[in-house]
file data-v5.pdb (PDB, C-alpha atoms, pLDDT in the B column)
ATOM      1  CA  ALA A1235     -16.201  92.968 185.549  1.00 55.00           C
ATOM      2  CA  GLU A1236     -16.898  91.164 182.282  1.00 70.00           C
ATOM      3  CA  TYR A1237     -18.406  94.223 180.603  1.00 74.00           C
ATOM      4  CA  MET A1238     -15.767  96.821 181.514  1.00 80.00           C
ATOM      5  CA  GLY A1239     -14.539  97.176 177.902  1.00 85.00           C
ATOM      6  CA  TRP A1240     -17.912  98.043 176.339  1.00 85.00           C
ATOM      7  CA  PRO A1241     -17.141 101.824 175.981  1.00 87.00           C
ATOM      8  CA  ALA A1242     -14.117 101.038 173.788  1.00 89.00           C
ATOM      9  CA  TYR A1243     -16.277  98.795 171.570  1.00 90.00           C
ATOM     10  CA  VAL A1244     -18.940 101.471 171.217  1.00 92.00           C
ATOM     11  CA  VAL A1245     -16.408 104.213 170.386  1.00 94.00           C
ATOM     12  CA  GLY A1246     -14.574 101.869 168.000  1.00 94.00           C
ATOM     13  CA  GLY A1247     -17.805 100.922 166.241  1.00 94.00           C
ATOM     14  CA  MET A1248     -18.889 104.549 165.888  1.00 95.00           C
ATOM     15  CA  THR A1249     -15.465 105.571 164.577  1.00 96.00           C
ATOM     16  CA  THR A1250     -15.524 102.752 162.024  1.00 95.00           C
ATOM     17  CA  LEU A1251     -18.985 103.822 160.903  1.00 95.00           C
ATOM     18  CA  MET A1252     -17.909 107.471 160.505  1.00 96.00           C
ATOM     19  CA  VAL A1253     -14.758 106.522 158.549  1.00 94.00           C
ATOM     20  CA  ALA A1254     -16.776 104.242 156.260  1.00 94.00           C
ATOM     21  CA  ARG A1255     -19.384 106.966 155.672  1.00 94.00           C
ATOM     22  CA  SER A1256     -16.655 109.559 154.927  1.00 93.00           C
ATOM     23  CA  ALA A1257     -14.897 107.159 152.542  1.00 91.00           C
ATOM     24  CA  SER A1258     -18.193 106.486 150.790  1.00 92.00           C
ATOM     25  CA  ARG A1259     -18.875 110.204 150.330  1.00 93.00           C
ATOM     26  CA  ASN A1260     -15.358 110.860 149.020  1.00 92.00           C
ATOM     27  CA  ARG A1261     -15.166 107.767 146.843  1.00 92.00           C
ATOM     28  CA  ASP A1262     -14.357 109.741 143.677  1.00 93.00           C
ATOM     29  CA  ALA A1263     -11.584 111.745 145.342  1.00 93.00           C
ATOM     30  CA  ILE A1264     -10.067 108.595 146.849  1.00 92.00           C
ATOM     31  CA  SER A1265     -10.257 106.818 143.492  1.00 94.00           C
ATOM     32  CA  THR A1266      -8.602 109.772 141.737  1.00 95.00           C
ATOM     33  CA  ALA A1267      -5.874 109.903 144.387  1.00 95.00           C
ATOM     34  CA  ILE A1268      -5.149 106.183 143.946  1.00 95.00           C
ATOM     35  CA  VAL A1269      -5.001 106.501 140.146  1.00 96.00           C
ATOM     36  CA  ASP A1270      -2.747 109.589 140.377  1.00 97.00           C
ATOM     37  CA  THR A1271      -0.460 107.892 142.882  1.00 97.00           C
ATOM     38  CA  TRP A1272      -0.140 104.843 140.641  1.00 97.00           C
ATOM     39  CA  ALA A1273       0.651 107.085 137.638  1.00 97.00           C
ATOM     40  CA  LEU A1274       3.275 108.919 139.697  1.00 97.00           C
ATOM     41  CA  ILE A1275       4.897 105.652 140.770  1.00 96.00           C
ATOM     42  CA  ARG A1276       4.963 104.361 137.164  1.00 96.00           C
ATOM     43  CA  SER A1277       6.387 107.648 135.879  1.00 95.00           C
ATOM     44  CA  PHE A1278       9.081 107.661 138.574  1.00 94.00           C
ATOM     45  CA  TRP A1279       9.949 104.047 137.803  1.00 93.00           C
ATOM     46  CA  GLU A1280      10.276 104.730 134.064  1.00 93.00           C
ATOM     47  CA  LYS A1281      12.111 108.053 134.249  1.00 93.00           C
ATOM     48  CA  GLN A1282      14.326 107.581 137.297  1.00 91.00           C
ATOM     49  CA  ILE A1283      15.049 103.841 137.330  1.00 90.00           C
ATOM     50  CA  VAL A1284      14.461 102.150 133.977  1.00 90.00           C
ATOM     51  CA  GLY A1285      15.539 105.069 131.752  1.00 90.00           C
ATOM     52  CA  PRO A1286      18.973 105.613 133.337  1.00 88.00           C
ATOM     53  CA  VAL A1287      19.641 101.857 133.568  1.00 87.00           C
ATOM     54  CA  ARG A1288      18.688 101.462 129.900  1.00 87.00           C
ATOM     55  CA  SER A1289      20.988 104.369 128.994  1.00 86.00           C
ATOM     56  CA  ILE A1290      23.888 102.849 130.935  1.00 80.00           C
ATOM     57  CA  TYR A1291      23.270  99.493 129.273  1.00 80.00           C
ATOM     58  CA  ARG A1292      23.289 101.083 125.810  1.00 79.00           C
ATOM     59  CA  THR A1293      26.478 102.955 126.620  1.00 75.00           C
ATOM     60  CA  ILE A1294      28.210  99.812 127.863  1.00 73.00           C
ATOM     61  CA  ARG A1295      27.010  97.772 124.887  1.00 71.00           C
ATOM     62  CA  TYR A1296      27.875 100.583 122.436  1.00 64.00           C
ATOM     63  CA  ASP A1297      24.423 100.684 120.945  1.00 58.00           C
ATOM     64  CA  ASP A1298      24.685 102.152 117.434  1.00 55.00           C
ATOM     65  CA  THR A1299      21.688 104.437 117.945  1.00 55.00           C
ATOM     66  CA  THR A1300      23.349 106.374 120.771  1.00 48.00           C
ATOM     67  CA  LEU A1301      26.758 106.815 119.186  1.00 50.00           C
ATOM     68  CA  GLY A1302      27.430 109.372 116.552  1.00 52.00           C
ATOM     69  CA  ILE A1303      30.230 111.398 115.074  1.00 55.00           C
ATOM     70  CA  ALA A1304      30.250 115.052 116.011  1.00 56.00           C
ATOM     71  CA  GLY A1305      30.096 117.406 113.091  1.00 60.00           C
ATOM     72  CA  SER A1306      32.888 119.874 112.436  1.00 62.00           C
ATOM     73  CA  GLY A1307      30.623 122.770 113.456  1.00 67.00           C
ATOM     74  CA  SER A1308      29.828 121.152 116.771  1.00 67.00           C
ATOM     75  CA  LEU A1309      33.478 120.347 117.386  1.00 71.00           C
ATOM     76  CA  ALA A1310      34.549 123.911 116.556  1.00 75.00           C
ATOM     77  CA  SER A1311      31.877 125.291 118.873  1.00 79.00           C
ATOM     78  CA  ASP A1312      33.049 123.022 121.721  1.00 77.00           C
ATOM     79  CA  SER A1313      36.667 124.005 121.105  1.00 78.00           C
ATOM     80  CA  ASP A1314      35.803 127.716 121.121  1.00 82.00           C
ATOM     81  CA  SER A1315      33.840 127.290 124.342  1.00 83.00           C
ATOM     82  CA  LEU A1316      36.754 125.487 125.998  1.00 82.00           C
ATOM     83  CA  SER A1317      39.119 128.235 124.863  1.00 84.00           C
ATOM     84  CA  ARG A1318      36.886 130.900 126.414  1.00 86.00           C
ATOM     85  CA  MET A1319      36.577 128.947 129.673  1.00 86.00           C
ATOM     86  CA  LEU A1320      40.352 128.426 129.850  1.00 86.00           C
ATOM     87  CA  SER A1321      40.997 132.076 129.088  1.00 86.00           C
ATOM     88  CA  ASP A1322      38.626 133.188 131.871  1.00 87.00           C
ATOM     89  CA  PHE A1323      40.128 130.603 134.232  1.00 86.00           C
ATOM     90  CA  ALA A1324      43.666 131.804 133.485  1.00 87.00           C
ATOM     91  CA  ARG A1325      42.642 135.431 134.070  1.00 88.00           C
ATOM     92  CA  SER A1326      41.086 134.488 137.408  1.00 86.00           C
ATOM     93  CA  ARG A1327      44.390 132.827 138.324  1.00 83.00           C
ATOM     94  CA  GLY A1328      46.262 136.082 137.702  1.00 86.00           C
ATOM     95  CA  ILE A1329      47.502 135.616 134.137  1.00 84.00           C
ATOM     96  CA  ARG A1330      46.907 138.959 132.435  1.00 84.00           C
ATOM     97  CA  ASP A1331      49.707 139.129 129.859  1.00 88.00           C
ATOM     98  CA  PRO A1332      48.321 138.421 126.352  1.00 88.00           C
ATOM     99  CA  SER A1333      51.378 136.356 125.416  1.00 89.00           C
ATOM    100  CA  GLU A1334      50.946 134.143 128.487  1.00 88.00           C
ATOM    101  CA  LEU A1335      47.236 133.743 127.720  1.00 87.00           C
ATOM    102  CA  ALA A1336      48.098 132.799 124.149  1.00 89.00           C
ATOM    103  CA  ALA A1337      50.576 130.199 125.472  1.00 89.00           C
ATOM    104  CA  VAL A1338      47.901 128.684 127.735  1.00 86.00           C
ATOM    105  CA  LEU A1339      45.434 128.522 124.837  1.00 85.00           C
ATOM    106  CA  ALA A1340      48.055 127.034 122.493  1.00 87.00           C
ATOM    107  CA  ALA A1341      48.838 124.368 125.097  1.00 86.00           C
ATOM    108  CA  ALA A1342      45.113 123.657 125.414  1.00 83.00           C
ATOM    109  CA  GLU A1343      44.888 123.177 121.632  1.00 82.00           C
ATOM    110  CA  ARG A1344      47.459 120.382 122.080  1.00 84.00           C
ATOM    111  CA  GLY A1345      45.420 118.920 124.948  1.00 81.00           C
ATOM    112  CA  ASP A1346      47.599 120.308 127.748  1.00 83.00           C
ATOM    113  CA  ILE A1347      45.397 121.938 130.402  1.00 83.00           C
ATOM    114  CA  THR A1348      48.023 122.042 133.143  1.00 85.00           C
ATOM    115  CA  ILE A1349      46.659 125.251 134.664  1.00 83.00           C
ATOM    116  CA  VAL A1350      43.311 123.559 135.297  1.00 85.00           C
ATOM    117  CA  MET A1351      44.924 120.333 136.510  1.00 87.00           C
ATOM    118  CA  ARG A1352      47.034 122.171 139.105  1.00 86.00           C
ATOM    119  CA  GLN A1353      43.962 123.890 140.529  1.00 84.00           C
ATOM    120  CA  TYR A1354      42.071 120.594 140.490  1.00 86.00           C
ATOM    121  CA  GLU A1355      44.905 118.878 142.390  1.00 88.00           C
ATOM    122  CA  THR A1356      44.831 121.628 145.007  1.00 86.00           C
ATOM    123  CA  ASP A1357      41.051 121.672 145.401  1.00 86.00           C
ATOM    124  CA  ILE A1358      40.594 117.883 145.441  1.00 87.00           C
ATOM    125  CA  GLN A1359      42.683 117.641 148.618  1.00 88.00           C
ATOM    126  CA  SER A1360      39.760 119.244 150.467  1.00 87.00           C
ATOM    127  CA  PRO A1361      36.838 118.519 148.145  1.00 84.00           C
ATOM    128  CA  ILE A1362      34.076 120.169 150.163  1.00 87.00           C
ATOM    129  CA  ARG A1363      36.067 123.358 150.680  1.00 86.00           C
ATOM    130  CA  GLY A1364      37.204 123.198 147.043  1.00 82.00           C
ATOM    131  CA  ALA A1365      33.630 122.843 145.814  1.00 84.00           C
ATOM    132  CA  LEU A1366      32.263 125.612 148.034  1.00 85.00           C
ATOM    133  CA  LEU A1367      35.137 128.105 148.106  1.00 84.00           C
ATOM    134  CA  GLY A1368      37.533 127.019 145.366  1.00 81.00           C
ATOM    135  CA  ASP A1369      37.349 126.250 141.679  1.00 82.00           C
ATOM    136  CA  LEU A1370      36.822 122.485 141.920  1.00 81.00           C
ATOM    137  CA  ILE A1371      33.467 122.467 140.116  1.00 83.00           C
ATOM    138  CA  ARG A1372      34.725 124.892 137.511  1.00 80.00           C
ATOM    139  CA  ALA A1373      37.804 122.723 136.899  1.00 80.00           C
ATOM    140  CA  LEU A1374      35.678 119.582 136.628  1.00 79.00           C
ATOM    141  CA  LEU A1375      33.468 121.211 134.015  1.00 75.00           C
ATOM    142  CA  MET A1376      36.507 121.922 131.850  1.00 74.00           C
ATOM    143  CA  PHE A1377      37.664 118.300 131.718  1.00 67.00           C
TER     144      PHE A1377
END
call {"tool": "encode", "arguments": {"input": "data-v5.pdb", "output": "C-alpha cells"}}
result
Amino acid sequence: AEYMGWPAYVVGGMTTLMVARSASRNRDAISTAIVDTWALIRSFWEKQIVGPVRSIYRTIRYDDTTLGIAGSGSLASDSDSLSRMLSDFARSRGIRDPSELAAVLAAAERGDITIVMRQYETDIQSPIRGALLGDLIRALLMF
C-alpha cells in the first residue's frame, strides 16, 4: 500500500528527463524566442504606451517643438479640401443647384458648417447606426 504511487513517479521522472533533453537540444531556438519576445515587449512599451503618453504630455505642456504655424500653402490646401468635402456632402444631401452649393461653401468660408452639424445631430442620436449606415464618420472628419 505504501508503494502504490511509484508509476506516477516513474512517468513523471521520464517526462522531466525528456523535456530537459528537448530543451537542451533546442537551446538556441529557445534563447532566440526569449530575446525576440523581450524585444517585442520593449517595442510595444515604447510605441504604444510611452510614445502616446509623451505626446499627450507635450501637447498639454505646449512643448515648443511640437507646435508650429501652418504655412499659407498648407492652410490653402486644407481649405480647398474642406470645400470639396462640403460640396460632395451637400450633393449627397440633395443640394444640386449651383447657387445653393455656392451659398453652402460661402457659409463654410465664414466657419458655418450647419449642413454637416444637422446631419451630425441626427446621426449622433443613434451612434452605431449613424456610423454604420449614416454619415456620422464623414461628418466627424469634416470638423
call {"tool": "closest_atom_pairs", "arguments": {"input": "data-v5.pdb", "of": "stretch 1244-1334 of chain A", "to": "stretch 1366-1377 of chain A", "cutoff": "8 Å", "atoms": "only C-alpha atoms", "output": "JSON lines"}}
result
{"residue": "A:Leu1316", "atom": "CA", "partner": "A:Met1376", "partner_atom": "CA", "distance": 6.9}
{"residue": "A:Met1319", "atom": "CA", "partner": "A:Met1376", "partner_atom": "CA", "distance": 7.4}
{"residue": "A:Leu1320", "atom": "CA", "partner": "A:Met1376", "partner_atom": "CA", "distance": 7.8}
call {"tool": "closest_residue", "arguments": {"input": "data-v5.pdb", "among": "A:Val1253, A:Ser1313, A:Phe1323, A:Pro1332", "to": "A:Thr1348", "atoms": "all atoms listed in the file"}}
result
A:Phe1323
call {"tool": "atom_distance", "arguments": {"input": "data-v5.pdb", "atom1": "atom CA of A:Ser1333", "atom2": "atom CA of A:Thr1356"}}
result
25.4 Å
call {"tool": "atom_distance", "arguments": {"input": "data-v5.pdb", "atom1": "atom CA of A:Asn1260", "atom2": "atom CA of A:Ile1275"}}
result
22.5 Å
call {"tool": "residues_around", "arguments": {"input": "data-v5.pdb", "residues": "stretch 1338-1347 of chain A", "least_positions_apart": "5", "cutoff": "8 Å", "atoms": "all atoms listed in the file", "output": "PDB file with C-alpha atoms, in the frame of the given file"}}
result
ATOM      1  CA  SER A1317      39.119 128.235 124.863  1.00 84.00           C
ATOM      2  CA  LEU A1320      40.352 128.426 129.850  1.00 86.00           C
ATOM      3  CA  SER A1321      40.997 132.076 129.088  1.00 86.00           C
ATOM      4  CA  ALA A1324      43.666 131.804 133.485  1.00 87.00           C
TER       5      ALA A1324
END
call {"tool": "atom_distance", "arguments": {"input": "data-v5.pdb", "atom1": "atom CA of A:Gln1353", "atom2": "atom CA of A:Leu1309"}}
result
25.7 Å
call {"tool": "closest_residue", "arguments": {"input": "data-v5.pdb", "among": "A:Val1284, A:Val1245, A:Leu1335, A:Leu1274", "to": "A:Ile1349", "atoms": "all atoms listed in the file"}}
result
A:Leu1335
call {"tool": "closest_residue", "arguments": {"input": "data-v5.pdb", "among": "A:Ser1258, A:Asp1322, A:Phe1278, A:Ala1273", "to": "A:Val1350", "atoms": "only C-alpha atoms"}}
result
A:Asp1322
